[in-house]
Protein chains: 2
Amino acid sequence: MSASVVATSSSAGLAARLARSLGADLLLMEEKTFPDGECYVRVPARPSPLTVLVHTTYPDQDRRLVQLFLAVEALKGVGVDRLVLAVPYLAYARQDRRFLEGEPVSVGAVLRTLEGLGVDALVTVDVHKPESLHEWLRIPHANVLPIRELAAYLGSRVEDPVVVAPDRGALHRAEAMARALNAEYDYLEKARDRVTGEVTVKPKEVDVAGRDVVIVDDIISTGGTIAEAVRAIRKEKACKIIVACTHPILVENALVKVYEAGADMVIGTDTVPSQISYVSVAPIIAKALKNKGGY
Amino acid sequence: MSASVVATSSSAGLAARLARSLGADLLLMEEKTFPDGECYVRVPARPSPLTVLVHTTYPDQDRRLVQLFLAVEALKGVGVDRLVLAVPYLAYARQDRRFLEGEPVSVGAVLRTLEGLGVDALVTVDVHKPESLHEWLRIPHANVLPIRELAAYLGSRVEDPVVVAPDRGALHRAEAMARALNAEYDYLEKARDRVTGEVTVKPKEVDVAGRDVVIVDDIISTGGTIAEAVRAIRKEKACKIIVACTHPILVENALVKVYEAGADMVIGTDTVPSQISYVSVAPIIAKALKNKGGY
């Protein structure tokens, strides 16, 4: 069955690769901003009844979310029967529970809104807590991780590396990357010296002295967490330190912070356009669409 | 039954007046912005099971819409049973149909989202096409017009005025204002001279020479439409020209444009904070809540 890939400007490159890989035609959304600041989108031609909309929601997140809502409304209004949505970076995914009473589950509001507007299936990339998707969606959904793609890019650039997660919560990601690199893995642990009270951060088990280290995380936002991890690894006298993330949000001078902390290379994917979006998630999104997205 | 009025910073003044008029307690939403630009809201205390949320959505509309969605999610999550929402200015209300194939009905997407997130009743002020509300909402809703409030403010400032709508579509508003002022009304009509081809804009029937004129419209956005109307009336040698609108959005130098065109006074309401928000819509929102909002 023929299909269309519809892209907004936020994800045009990724969408084009996806269309090519799916053998689908590519349609670029018309976009503009009214003088009062409201945004406008329009589907410039009639897409196939089976359509994949590709739209990422990096900063300005609120503008991009509203664009997304309007794009979904427009596509359902122009006769798309089955609308599969690919959101490479899902904004508000980190507010995935009520940490304090009175807070919203922001990601829940976003997901329910997308479903309510008529999205039939959702593909996301490395959402902070994939459980959010199960919790808030009734439509089919798939969350893909670009671990093997990042590992392939690193392949020849590191030698017998140790993969390190910046905290225990990210250990599963380090484990997956270690498997892809056939390497050891560990996570950084904070320890307080009982006598001096000094806090040290270092890998829980593996001695990284003289070794190449790959630090993996889902996102680099302000760069604070990652810079701290790099400094800790540098202190342990590692050889080469490479940072690999899925979403290079890179708020302000985040990249400078991470390099200044002692990183040798920082890489990310094209879920978010950036200076370090070296690895494309188009192949894994295409695969998910073929397997699971009901595509 | 006791009730709470919950306000975001966008409508705190209006909400405070509303709370006073309803005898309800007032709760101000906690708000912040994360370093990556995502917004955060939190209900700082447990509101009454019957709660009125007041939140307007003037520019930056997308930010304010997302804040609104999150605020609704938070309030439903903290145990509000019946959530009545008052949106003094509803963004995207002018994209109320598919003017071209492939466009979204943006206001439809906004209204369906609010309903989907759990809003139980909606009060709006002077929505561009109130039919949009009937079309897209299943929950109870009321749309109130501040015509009598604007007229009361004008009362002693004009003498035997003519109320003029800038186009035929706004005639019902001019008629209502004329009734409140016990005045004549008319609308501006474009006419093309069959010989010279020259286009003139003037009141269709009433001669406004030497008379006070009140121009009414729902919104002043860029000020273009209103400035043109003021110039046309000025050309007809009117005495005093007063412009009254509900929503003083006032993009950039809109107000300067309207004054430079020859207006003597420009007034609006507090649905949108502005330099000319002289008239409060708190009393008519309170009335609607008491009558219709299920309050």
# chains A, B, ... in the order shown; residues from 1 in each chain; ligands from 1

call {"tool": "residues_around", "arguments": {"residues": "Ile219 in chain B", "least_positions_apart": "4", "cutoff": "7 Å", "atoms": "only C-alpha atoms", "output": "JSON, numbers by chain"}}
result
{"B": [245, 246, 247, 248, 249]}

call {"tool": "write_last_selection", "arguments": {"atoms": "N, CA and C atoms", "output": "mmCIF file, in the first residue's frame"}}
result
data_model
loop_
_atom_site.group_PDB
_atom_site.id
_atom_site.type_symbol
_atom_site.label_atom_id
_atom_site.label_comp_id
_atom_site.auth_asym_id
_atom_site.auth_seq_id
_atom_site.Cartn_x
_atom_site.Cartn_y
_atom_site.Cartn_z
ATOM 1 N N CYS B 245 -12.847 48.109 21.808
ATOM 2 C CA CYS B 245 -12.716 46.694 21.446
ATOM 3 C C CYS B 245 -12.744 45.850 22.709
ATOM 4 N N THR B 246 -12.990 44.566 22.525
ATOM 5 C CA THR B 246 -12.939 43.646 23.669
ATOM 6 C C THR B 246 -11.497 43.258 23.977
ATOM 7 N N HIS B 247 -10.774 42.806 22.943
ATOM 8 C CA HIS B 247 -9.443 42.230 23.159
ATOM 9 C C HIS B 247 -8.339 43.136 22.621
ATOM 10 N N PRO B 248 -7.686 43.922 23.464
ATOM 11 C CA PRO B 248 -6.604 44.794 22.985
ATOM 12 C C PRO B 248 -5.280 44.042 22.879
ATOM 13 N N ILE B 249 -5.174 43.191 21.853
ATOM 14 C CA ILE B 249 -3.938 42.424 21.653
ATOM 15 C C ILE B 249 -2.779 43.367 21.327
#

call {"tool": "select_by_dssp", "arguments": {"residues": "range 21-159 of chain B", "states": "helix (DSSP H, G or I)", "output": "ChimeraX atom specification"}}
result
/B:21-22,61-77,106-116,131-136,147-157

call {"tool": "write_last_selection", "arguments": {"atoms": "C-alpha atoms", "output": "compact mmCIF listing (two decimals), in the first residue's frame"}}
result
# COMPACT_ATOMS: atom_id res chain seq x y z
CA SER B 21 -17.49 38.73 43.42
CA LEU B 22 -18.20 35.01 43.84
CA GLN B 61 -0.21 32.10 22.77
CA ASP B 62 1.52 28.72 22.47
CA ARG B 63 3.26 29.06 25.81
CA ARG B 64 -0.01 30.12 27.43
CA LEU B 65 -1.95 27.29 25.81
CA VAL B 66 0.49 24.67 27.04
CA GLN B 67 0.43 26.27 30.52
CA LEU B 68 -3.35 26.00 30.38
CA PHE B 69 -3.28 22.33 29.37
CA LEU B 70 -0.86 21.56 32.20
CA ALA B 71 -2.90 23.58 34.71
CA VAL B 72 -6.04 21.62 33.79
CA GLU B 73 -4.15 18.32 34.13
CA ALA B 74 -2.79 19.40 37.52
CA LEU B 75 -6.21 20.48 38.82
CA LYS B 76 -7.90 17.26 37.75
CA GLY B 77 -5.02 15.36 39.33
CA SER B 106 -7.13 25.46 15.04
CA VAL B 107 -9.79 26.57 17.50
CA GLY B 108 -11.35 23.13 17.20
CA ALA B 109 -8.07 21.48 18.18
CA VAL B 110 -7.78 23.80 21.19
CA LEU B 111 -11.37 23.26 22.36
CA ARG B 112 -11.27 19.48 21.93
CA THR B 113 -8.00 19.36 23.84
CA LEU B 114 -9.47 21.28 26.78
CA GLU B 115 -12.50 19.02 26.87
CA GLY B 116 -10.32 15.92 26.54
CA GLU B 131 -20.58 29.02 16.68
CA SER B 132 -17.14 27.41 17.00
CA LEU B 133 -17.97 26.62 20.61
CA HIS B 134 -21.20 24.80 19.71
CA GLU B 135 -19.47 22.98 16.92
CA TRP B 136 -16.50 21.63 18.86
CA ILE B 147 -20.84 45.52 25.22
CA ARG B 148 -22.81 47.10 28.05
CA GLU B 149 -19.65 47.46 30.15
CA LEU B 150 -17.83 49.24 27.31
CA ALA B 151 -20.92 51.38 26.68
CA ALA B 152 -21.10 52.35 30.37
CA TYR B 153 -17.48 53.50 30.23
CA LEU B 154 -18.19 55.57 27.11
CA GLY B 155 -21.49 56.94 28.44
CA SER B 156 -20.50 60.47 29.48
CA ARG B 157 -17.62 60.71 27.00

call {"tool": "select_by_dssp", "arguments": {"residues": "range 42-199 of chain A", "states": "strand (DSSP E)", "output": "PyMOL selection string"}}
result
chain A and resi 42+50-54+82-87+121-125+141-144+162-165+184-192+199

call {"tool": "write_last_selection", "arguments": {"atoms": "N, CA and C atoms", "output": "CSV table (one decimal), in the first residue's frame"}}
result
chain,number,residue,atom,x,y,z
A,42,ARG,N,-0.4,24.0,7.1
A,42,ARG,CA,-1.3,23.6,6.1
A,42,ARG,C,-0.7,22.4,5.4
A,50,LEU,N,-2.9,6.5,4.3
A,50,LEU,CA,-1.9,6.0,5.3
A,50,LEU,C,-0.8,7.0,5.4
A,51,THR,N,-0.7,7.8,6.4
A,51,THR,CA,0.3,8.9,6.5
A,51,THR,C,1.1,8.8,7.8
A,52,VAL,N,2.4,9.0,7.6
A,52,VAL,CA,3.3,9.2,8.7
A,52,VAL,C,3.7,10.7,8.9
A,53,LEU,N,3.3,11.2,10.0
A,53,LEU,CA,3.7,12.6,10.3
A,53,LEU,C,5.0,12.6,11.1
A,54,VAL,N,6.0,13.3,10.7
A,54,VAL,CA,7.3,13.4,11.4
A,54,VAL,C,7.4,14.8,12.0
A,82,ARG,N,-5.4,6.6,8.5
A,82,ARG,CA,-4.5,6.1,9.5
A,82,ARG,C,-3.3,7.0,9.6
A,83,LEU,N,-3.3,7.7,10.8
A,83,LEU,CA,-2.2,8.7,11.0
A,83,LEU,C,-1.2,8.1,12.0
A,84,VAL,N,0.0,7.8,11.5
A,84,VAL,CA,1.0,7.3,12.4
A,84,VAL,C,1.9,8.5,12.7
A,85,LEU,N,2.2,8.8,13.9
A,85,LEU,CA,3.0,10.0,14.3
A,85,LEU,C,4.4,9.5,14.8
A,86,ALA,N,5.4,10.1,14.2
A,86,ALA,CA,6.8,9.9,14.7
A,86,ALA,C,7.3,11.2,15.4
A,87,VAL,N,7.5,11.1,16.7
A,87,VAL,CA,8.0,12.3,17.4
A,87,VAL,C,9.4,11.9,17.9
A,121,ALA,N,-1.3,5.9,15.9
A,121,ALA,CA,-0.1,5.1,16.4
A,121,ALA,C,1.0,6.1,16.6
A,122,LEU,N,1.9,5.8,17.6
A,122,LEU,CA,2.9,6.8,17.9
A,122,LEU,C,4.3,6.0,18.0
A,123,VAL,N,5.3,6.6,17.3
A,123,VAL,CA,6.6,6.1,17.5
A,123,VAL,C,7.5,7.2,18.1
A,124,THR,N,8.2,6.9,19.2
A,124,THR,CA,9.0,7.9,19.8
A,124,THR,C,10.4,7.3,19.9
A,125,VAL,N,11.4,8.2,20.2
A,125,VAL,CA,12.8,7.7,20.3
A,125,VAL,C,13.3,8.0,21.7
A,141,HIS,N,2.0,1.9,20.2
A,141,HIS,CA,3.1,2.9,20.3
A,141,HIS,C,4.4,2.0,20.4
A,142,ALA,N,5.5,2.6,19.9
A,142,ALA,CA,6.8,2.0,20.0
A,142,ALA,C,7.8,3.1,20.4
A,143,ASN,N,8.7,2.7,21.3
A,143,ASN,CA,9.8,3.6,21.7
A,143,ASN,C,11.1,2.9,21.3
A,144,VAL,N,11.8,3.6,20.4
A,144,VAL,CA,13.1,2.9,19.9
A,144,VAL,C,14.3,3.6,20.5
A,162,VAL,N,35.2,1.1,28.3
A,162,VAL,CA,34.2,0.9,29.4
A,162,VAL,C,33.0,1.8,29.2
A,163,VAL,N,31.8,1.3,29.1
A,163,VAL,CA,30.7,2.2,29.0
A,163,VAL,C,30.1,2.5,30.4
A,164,VAL,N,29.9,3.8,30.6
A,164,VAL,CA,29.6,4.3,31.9
A,164,VAL,C,28.3,5.1,31.9
A,165,ALA,N,27.4,4.8,32.8
A,165,ALA,CA,26.1,5.6,32.9
A,165,ALA,C,26.4,6.6,34.0
A,184,GLU,N,32.8,-3.8,28.7
A,184,GLU,CA,32.3,-3.7,30.1
A,184,GLU,C,31.4,-2.5,30.3
A,185,TYR,N,30.7,-2.5,31.4
A,185,TYR,CA,29.9,-1.3,31.7
A,185,TYR,C,29.8,-1.1,33.2
A,186,ASP,N,29.4,0.1,33.6
A,186,ASP,CA,29.4,0.4,35.0
A,186,ASP,C,28.6,1.7,35.1
A,187,TYR,N,28.4,2.2,36.4
A,187,TYR,CA,27.7,3.5,36.5
A,187,TYR,C,28.5,4.3,37.6
A,188,LEU,N,28.3,5.6,37.6
A,188,LEU,CA,29.0,6.4,38.6
A,188,LEU,C,28.2,6.4,39.9
A,189,GLU,N,28.9,6.3,41.0
A,189,GLU,CA,28.3,6.3,42.3
A,189,GLU,C,29.0,7.4,43.1
A,190,LYS,N,28.1,8.0,43.9
A,190,LYS,CA,28.6,9.0,44.8
A,190,LYS,C,28.9,8.3,46.1
A,191,ALA,N,30.1,8.6,46.7
A,191,ALA,CA,30.4,8.1,48.0
A,191,ALA,C,30.9,9.2,48.9
A,192,ARG,N,30.5,9.1,50.2
A,192,ARG,CA,31.0,10.1,51.1
A,192,ARG,C,32.0,9.5,52.1
A,199,VAL,N,32.9,14.1,49.4
A,199,VAL,CA,32.1,13.3,48.4
A,199,VAL,C,32.9,13.0,47.2

call {"tool": "closest_residue", "arguments": {"among": "A:Leu289, A:Ala227, A:Ala19, A:Ala7", "to": "Glu31 in chain A", "atoms": "only C-alpha atoms"}}
result
A:Ala7

call {"tool": "closest_residue", "arguments": {"among": "B:Asp60, B:Asp25, B:Glu159, B:Asp217", "to": "chain A", "atoms": "only C-alpha atoms"}}
result
B:Asp60

call {"tool": "atom_distance", "arguments": {"atom1": "CA of His172 in chain A", "atom2": "CA of Glu103 in chain A"}}
result
27.9 Å

call {"tool": "closest_residue", "arguments": {"among": "A:Pro161, A:Gly79, A:Pro273, A:Gly169", "to": "Thr56 in chain A", "atoms": "only C-alpha atoms"}}
result
A:Pro273

call {"tool": "residues_around", "arguments": {"residues": "Val266 in chain A", "least_positions_apart": "6", "cutoff": "9 Å", "atoms": "only C-alpha atoms", "output": "PDB file with N, CA, C and O atoms, in the first residue's frame"}}
result
ATOM      1  N   ILE A 241      37.740  10.083  26.509  1.00  0.00           N
ATOM      2  CA  ILE A 241      36.362  10.128  27.034  1.00  0.00           C
ATOM      3  C   ILE A 241      35.413  10.603  25.943  1.00  0.00           C
ATOM      4  O   ILE A 241      35.548  11.720  25.427  1.00  0.00           O
ATOM      5  N   ILE A 242      34.471   9.737  25.594  1.00  0.00           N
ATOM      6  CA  ILE A 242      33.492  10.090  24.577  1.00  0.00           C
ATOM      7  C   ILE A 242      32.111  10.089  25.203  1.00  0.00           C
ATOM      8  O   ILE A 242      31.766   9.194  25.975  1.00  0.00           O
ATOM      9  N   VAL A 243      31.345  11.135  24.916  1.00  0.00           N
ATOM     10  CA  VAL A 243      29.979  11.225  25.438  1.00  0.00           C
ATOM     11  C   VAL A 243      29.008  10.968  24.291  1.00  0.00           C
ATOM     12  O   VAL A 243      29.124  11.592  23.231  1.00  0.00           O
ATOM     13  N   ALA A 244      28.071  10.054  24.512  1.00  0.00           N
ATOM     14  CA  ALA A 244      27.070   9.756  23.484  1.00  0.00           C
ATOM     15  C   ALA A 244      25.676   9.920  24.075  1.00  0.00           C
ATOM     16  O   ALA A 244      25.359   9.322  25.104  1.00  0.00           O
ATOM     17  N   CYS A 245      24.869  10.757  23.427  1.00  0.00           N
ATOM     18  CA  CYS A 245      23.495  10.926  23.904  1.00  0.00           C
ATOM     19  C   CYS A 245      22.533  10.779  22.737  1.00  0.00           C
ATOM     20  O   CYS A 245      22.927  10.881  21.574  1.00  0.00           O
ATOM     21  N   LEU A 255      27.400  22.473  25.430  1.00  0.00           N
ATOM     22  CA  LEU A 255      28.450  21.723  24.741  1.00  0.00           C
ATOM     23  C   LEU A 255      29.839  22.193  25.202  1.00  0.00           C
ATOM     24  O   LEU A 255      30.741  21.381  25.436  1.00  0.00           O
ATOM     25  N   VAL A 258      30.660  20.676  28.556  1.00  0.00           N
ATOM     26  CA  VAL A 258      31.041  19.262  28.514  1.00  0.00           C
ATOM     27  C   VAL A 258      32.464  19.116  27.979  1.00  0.00           C
ATOM     28  O   VAL A 258      33.258  18.334  28.510  1.00  0.00           O
ATOM     29  N   TYR A 259      32.798  19.907  26.942  1.00  0.00           N
ATOM     30  CA  TYR A 259      34.174  19.841  26.424  1.00  0.00           C
ATOM     31  C   TYR A 259      35.162  20.383  27.449  1.00  0.00           C
ATOM     32  O   TYR A 259      36.240  19.809  27.655  1.00  0.00           O
ATOM     33  N   ILE A 276      25.990  18.419  16.852  1.00  0.00           N
ATOM     34  CA  ILE A 276      26.584  17.096  17.063  1.00  0.00           C
ATOM     35  C   ILE A 276      25.615  15.974  16.693  1.00  0.00           C
ATOM     36  O   ILE A 276      25.717  14.863  17.201  1.00  0.00           O
TER      37      ILE A 276
END

call {"tool": "atom_distance", "arguments": {"atom1": "CA of Thr8 in chain B", "atom2": "CA of Glu30 in chain B"}}
result
7.7 Å

call {"tool": "residues_around", "arguments": {"residues": "Arg46 in chain B", "least_positions_apart": "2", "cutoff": "10 Å", "atoms": "only C-alpha atoms", "output": "PDB file with N, CA, C and O atoms, in the first residue's frame"}}
result
ATOM      1  N   GLU A 101       2.655  17.020  45.161  1.00  0.00           N
ATOM      2  CA  GLU A 101       1.210  17.139  44.995  1.00  0.00           C
ATOM      3  C   GLU A 101       0.895  18.461  44.290  1.00  0.00           C
ATOM      4  O   GLU A 101       1.539  19.477  44.558  1.00  0.00           O
ATOM      5  N   GLY A 102      -0.054  18.405  43.397  1.00  0.00           N
ATOM      6  CA  GLY A 102      -0.464  19.620  42.700  1.00  0.00           C
ATOM      7  C   GLY A 102       0.245  19.828  41.373  1.00  0.00           C
ATOM      8  O   GLY A 102      -0.076  20.750  40.627  1.00  0.00           O
TER       9      GLY A 102
ATOM     10  N   SER B   4     -13.337  27.455  44.755  1.00  0.00           N
ATOM     11  CA  SER B   4     -12.047  28.131  44.630  1.00  0.00           C
ATOM     12  C   SER B   4     -11.947  28.762  43.260  1.00  0.00           C
ATOM     13  O   SER B   4     -12.430  28.197  42.274  1.00  0.00           O
ATOM     14  N   LEU B  27      -6.623  31.212  44.709  1.00  0.00           N
ATOM     15  CA  LEU B  27      -5.386  30.438  44.785  1.00  0.00           C
ATOM     16  C   LEU B  27      -4.551  30.794  43.562  1.00  0.00           C
ATOM     17  O   LEU B  27      -5.042  30.723  42.435  1.00  0.00           O
ATOM     18  N   VAL B  43      -0.372  23.511  41.426  1.00  0.00           N
ATOM     19  CA  VAL B  43      -1.413  24.023  42.318  1.00  0.00           C
ATOM     20  C   VAL B  43      -0.844  23.926  43.724  1.00  0.00           C
ATOM     21  O   VAL B  43      -0.556  22.824  44.187  1.00  0.00           O
ATOM     22  N   PRO B  44      -0.629  25.056  44.406  1.00  0.00           N
ATOM     23  CA  PRO B  44       0.139  25.043  45.648  1.00  0.00           C
ATOM     24  C   PRO B  44      -0.639  24.576  46.867  1.00  0.00           C
ATOM     25  O   PRO B  44      -0.071  24.376  47.926  1.00  0.00           O
ATOM     26  N   SER B  48     -10.971  23.731  46.218  1.00  0.00           N
ATOM     27  CA  SER B  48     -12.298  23.150  46.433  1.00  0.00           C
ATOM     28  C   SER B  48     -12.645  22.201  45.286  1.00  0.00           C
ATOM     29  O   SER B  48     -12.166  22.360  44.164  1.00  0.00           O
ATOM     30  N   PRO B  49     -13.488  21.187  45.558  1.00  0.00           N
ATOM     31  CA  PRO B  49     -13.905  20.272  44.482  1.00  0.00           C
ATOM     32  C   PRO B  49     -14.593  21.013  43.328  1.00  0.00           C
ATOM     33  O   PRO B  49     -14.607  20.533  42.195  1.00  0.00           O
ATOM     34  N   LEU B  75      -5.006  20.298  38.002  1.00  0.00           N
ATOM     35  CA  LEU B  75      -6.211  20.478  38.825  1.00  0.00           C
ATOM     36  C   LEU B  75      -7.041  19.201  38.863  1.00  0.00           C
ATOM     37  O   LEU B  75      -7.549  18.821  39.930  1.00  0.00           O
ATOM     38  N   VAL B  78      -5.421  16.790  41.247  1.00  0.00           N
ATOM     39  CA  VAL B  78      -5.377  17.111  42.675  1.00  0.00           C
ATOM     40  C   VAL B  78      -6.784  17.043  43.274  1.00  0.00           C
ATOM     41  O   VAL B  78      -7.016  17.474  44.403  1.00  0.00           O
ATOM     42  N   GLY B  79      -7.712  16.468  42.514  1.00  0.00           N
ATOM     43  CA  GLY B  79      -9.008  16.148  43.100  1.00  0.00           C
ATOM     44  C   GLY B  79     -10.126  17.144  42.835  1.00  0.00           C
ATOM     45  O   GLY B  79     -11.137  17.137  43.543  1.00  0.00           O
ATOM     46  N   VAL B  80      -9.957  18.007  41.827  1.00  0.00           N
ATOM     47  CA  VAL B  80     -11.074  18.881  41.472  1.00  0.00           C
ATOM     48  C   VAL B  80     -12.123  18.057  40.729  1.00  0.00           C
ATOM     49  O   VAL B  80     -11.824  17.412  39.732  1.00  0.00           O
TER      50      VAL B  80
END

call {"tool": "atom_distance", "arguments": {"atom1": "CA of Tyr58 in chain B", "atom2": "CA of Gly268 in chain B"}}
result
13.9 Å

call {"tool": "decode", "arguments": {"residues": "range 145-163 of chain A", "atoms": "N, CA, C and O atoms", "output": "PDB file, in the first residue's frame"}}
result
ATOM      1  N   LEU A 145      15.365   2.820  20.679  1.00  0.00           N
ATOM      2  CA  LEU A 145      16.617   3.344  21.227  1.00  0.00           C
ATOM      3  C   LEU A 145      17.713   3.281  20.157  1.00  0.00           C
ATOM      4  O   LEU A 145      17.896   2.234  19.534  1.00  0.00           O
ATOM      5  N   PRO A 146      18.439   4.361  19.968  1.00  0.00           N
ATOM      6  CA  PRO A 146      19.472   4.371  18.912  1.00  0.00           C
ATOM      7  C   PRO A 146      20.831   3.896  19.418  1.00  0.00           C
ATOM      8  O   PRO A 146      21.875   4.390  18.987  1.00  0.00           O
ATOM      9  N   ILE A 147      20.809   2.930  20.342  1.00  0.00           N
ATOM     10  CA  ILE A 147      22.049   2.488  20.984  1.00  0.00           C
ATOM     11  C   ILE A 147      23.008   1.858  19.979  1.00  0.00           C
ATOM     12  O   ILE A 147      24.201   2.190  19.926  1.00  0.00           O
ATOM     13  N   ARG A 148      22.485   0.952  19.148  1.00  0.00           N
ATOM     14  CA  ARG A 148      23.382   0.281  18.197  1.00  0.00           C
ATOM     15  C   ARG A 148      23.922   1.251  17.150  1.00  0.00           C
ATOM     16  O   ARG A 148      25.048   1.113  16.691  1.00  0.00           O
ATOM     17  N   GLU A 149      23.109   2.249  16.802  1.00  0.00           N
ATOM     18  CA  GLU A 149      23.532   3.245  15.812  1.00  0.00           C
ATOM     19  C   GLU A 149      24.635   4.132  16.396  1.00  0.00           C
ATOM     20  O   GLU A 149      25.617   4.458  15.710  1.00  0.00           O
ATOM     21  N   LEU A 150      24.475   4.516  17.655  1.00  0.00           N
ATOM     22  CA  LEU A 150      25.535   5.302  18.310  1.00  0.00           C
ATOM     23  C   LEU A 150      26.790   4.446  18.444  1.00  0.00           C
ATOM     24  O   LEU A 150      27.911   4.913  18.202  1.00  0.00           O
ATOM     25  N   ALA A 151      26.606   3.187  18.827  1.00  0.00           N
ATOM     26  CA  ALA A 151      27.750   2.279  18.992  1.00  0.00           C
ATOM     27  C   ALA A 151      28.496   2.103  17.676  1.00  0.00           C
ATOM     28  O   ALA A 151      29.734   2.107  17.633  1.00  0.00           O
ATOM     29  N   ALA A 152      27.746   1.976  16.583  1.00  0.00           N
ATOM     30  CA  ALA A 152      28.381   1.784  15.268  1.00  0.00           C
ATOM     31  C   ALA A 152      29.245   3.006  14.931  1.00  0.00           C
ATOM     32  O   ALA A 152      30.344   2.877  14.381  1.00  0.00           O
ATOM     33  N   TYR A 153      28.754   4.182  15.254  1.00  0.00           N
ATOM     34  CA  TYR A 153      29.503   5.405  14.981  1.00  0.00           C
ATOM     35  C   TYR A 153      30.794   5.442  15.817  1.00  0.00           C
ATOM     36  O   TYR A 153      31.838   5.899  15.361  1.00  0.00           O
ATOM     37  N   LEU A 154      30.693   4.939  17.054  1.00  0.00           N
ATOM     38  CA  LEU A 154      31.854   4.964  17.952  1.00  0.00           C
ATOM     39  C   LEU A 154      32.878   3.900  17.595  1.00  0.00           C
ATOM     40  O   LEU A 154      34.076   4.078  17.830  1.00  0.00           O
ATOM     41  N   GLY A 155      32.363   2.799  17.045  1.00  0.00           N
ATOM     42  CA  GLY A 155      33.137   1.584  16.777  1.00  0.00           C
ATOM     43  C   GLY A 155      34.646   1.759  16.672  1.00  0.00           C
ATOM     44  O   GLY A 155      35.398   1.342  17.565  1.00  0.00           O
ATOM     45  N   SER A 156      35.108   2.417  15.600  1.00  0.00           N
ATOM     46  CA  SER A 156      36.536   2.484  15.342  1.00  0.00           C
ATOM     47  C   SER A 156      37.211   3.603  16.146  1.00  0.00           C
ATOM     48  O   SER A 156      38.422   3.763  16.100  1.00  0.00           O
ATOM     49  N   ARG A 157      36.401   4.399  16.842  1.00  0.00           N
ATOM     50  CA  ARG A 157      36.969   5.570  17.539  1.00  0.00           C
ATOM     51  C   ARG A 157      37.387   5.259  18.982  1.00  0.00           C
ATOM     52  O   ARG A 157      37.977   6.104  19.646  1.00  0.00           O
ATOM     53  N   VAL A 158      37.010   4.096  19.482  1.00  0.00           N
ATOM     54  CA  VAL A 158      37.398   3.719  20.842  1.00  0.00           C
ATOM     55  C   VAL A 158      38.006   2.321  20.830  1.00  0.00           C
ATOM     56  O   VAL A 158      37.725   1.516  19.945  1.00  0.00           O
ATOM     57  N   GLU A 159      38.831   2.055  21.837  1.00  0.00           N
ATOM     58  CA  GLU A 159      39.490   0.744  21.894  1.00  0.00           C
ATOM     59  C   GLU A 159      39.183   0.096  23.249  1.00  0.00           C
ATOM     60  O   GLU A 159      39.461   0.705  24.285  1.00  0.00           O
ATOM     61  N   ASP A 160      38.577  -1.074  23.201  1.00  0.00           N
ATOM     62  CA  ASP A 160      38.236  -1.815  24.425  1.00  0.00           C
ATOM     63  C   ASP A 160      37.689  -0.874  25.499  1.00  0.00           C
ATOM     64  O   ASP A 160      38.246  -0.781  26.603  1.00  0.00           O
ATOM     65  N   PRO A 161      36.601  -0.168  25.200  1.00  0.00           N
ATOM     66  CA  PRO A 161      36.133   0.860  26.123  1.00  0.00           C
ATOM     67  C   PRO A 161      35.339   0.305  27.301  1.00  0.00           C
ATOM     68  O   PRO A 161      34.902  -0.854  27.275  1.00  0.00           O
ATOM     69  N   VAL A 162      35.171   1.136  28.318  1.00  0.00           N
ATOM     70  CA  VAL A 162      34.209   0.881  29.390  1.00  0.00           C
ATOM     71  C   VAL A 162      33.045   1.840  29.153  1.00  0.00           C
ATOM     72  O   VAL A 162      33.267   3.032  28.939  1.00  0.00           O
ATOM     73  N   VAL A 163      31.820   1.304  29.150  1.00  0.00           N
ATOM     74  CA  VAL A 163      30.655   2.168  28.985  1.00  0.00           C
ATOM     75  C   VAL A 163      30.129   2.529  30.368  1.00  0.00           C
ATOM     76  O   VAL A 163      29.917   1.654  31.207  1.00  0.00           O
TER      77      VAL A 163
END
